[in-house]
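Engineer: First the structure, which I've put down as structure tokens, then a few questions once you've had a look.
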Amino acid sequence: MNHTLSKRLFIGLAVGLLTVSVIFTIGCAPKKVVVVYDEDGYSGHGHTHKKGGPPPHAPAHGYRAKYQYRYYPDCSVYYDNRREVYFYIKGDHWEVGVSLPRHLRIGLGDSVSIELDTDRPYIYHREHVKKYPPGQLKKKNKHKNKHKWG
């Protein structure tokens, strides 16, 4: 009888441990946020500014932007160092995650620092593509360094 009791206790502990480990595994999985954007690159979330003032992406005098990003033009990726998340295009929508898909990790290329007053940098993606066309950062840096030493 004592042997049966210890066997039941062992099985109960094993099942309980398995249940707890499954709960922790599911609860700690990386979260993704999916944002659908239109053909212009906007998600439709409050992309307006008042006439007469600076646009939302241009800080007013003495004002410091709340969010700083590294923008990688060659693959249209934003990285928020403070929150440690990436924003990237997947299919027809933007995704947010703590890591990038393998194909994006391999070829990030050069980056530029961008300061914005929004937690959604992709709403200004169209402006960023115009200002920093893919493949152009390397050319600009090469041209700058060419004349640096005389």
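In the structure tokens, each chain is lettered A, B, ... as it comes, each chain's residues begin at 1, and ligands are numbered from 1 in order of appearance.
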When DSSP is applied to the backbone of this structure, which of stretch 76-139 of chain A are assigned strand (DSSP E or B)? Write them out as a PyMOL selection string.

Structural biologist: chain A and resi 77-80+85-90+93-97+112-116

Engineer: Would you mind listing what lies within 12 Å of A:Asn81 as a list in words, with only C-alpha atoms counted and same-chain residues fewer than 6 positions away left out?

Structural biologist: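 Near A:Asn81, the qualifying residues are Tyr67, Gln68, Tyr69, Arg70, Tyr71, Phe87, Val98, Ser113, Ile114 and Glu115 of chain A.
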
Engineer: Let me see the file: selected residues, C-alpha atoms, as a compact mmCIF listing (two decimals), in the first residue's frame.

Structural biologist:
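Here's the written file result-v4.txt:
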# COMPACT_ATOMS: atom_id res chain seq x y z
CA TYR A 67 11.46 58.15 -29.10
CA GLN A 68 14.79 57.46 -30.73
CA TYR A 69 15.15 54.82 -33.44
CA ARG A 70 17.83 53.32 -35.63
CA TYR A 71 16.42 53.14 -39.16
CA PHE A 87 9.49 47.27 -36.43
CA VAL A 98 11.99 41.57 -29.92
CA SER A 113 19.40 57.76 -36.10
CA ILE A 114 15.85 59.15 -36.16
CA GLU A 115 14.04 60.99 -33.35

Engineer: Using only C-alpha atoms, find the one residue out of A:Arg83, A:His93, A:Lys131, A:Arg126 that sits nearest to A:Val112.

Structural biologist: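 Ranking A:Arg83, A:His93, A:Lys131, A:Arg126 by distance to A:Val112, first place goes to A:Lys131.
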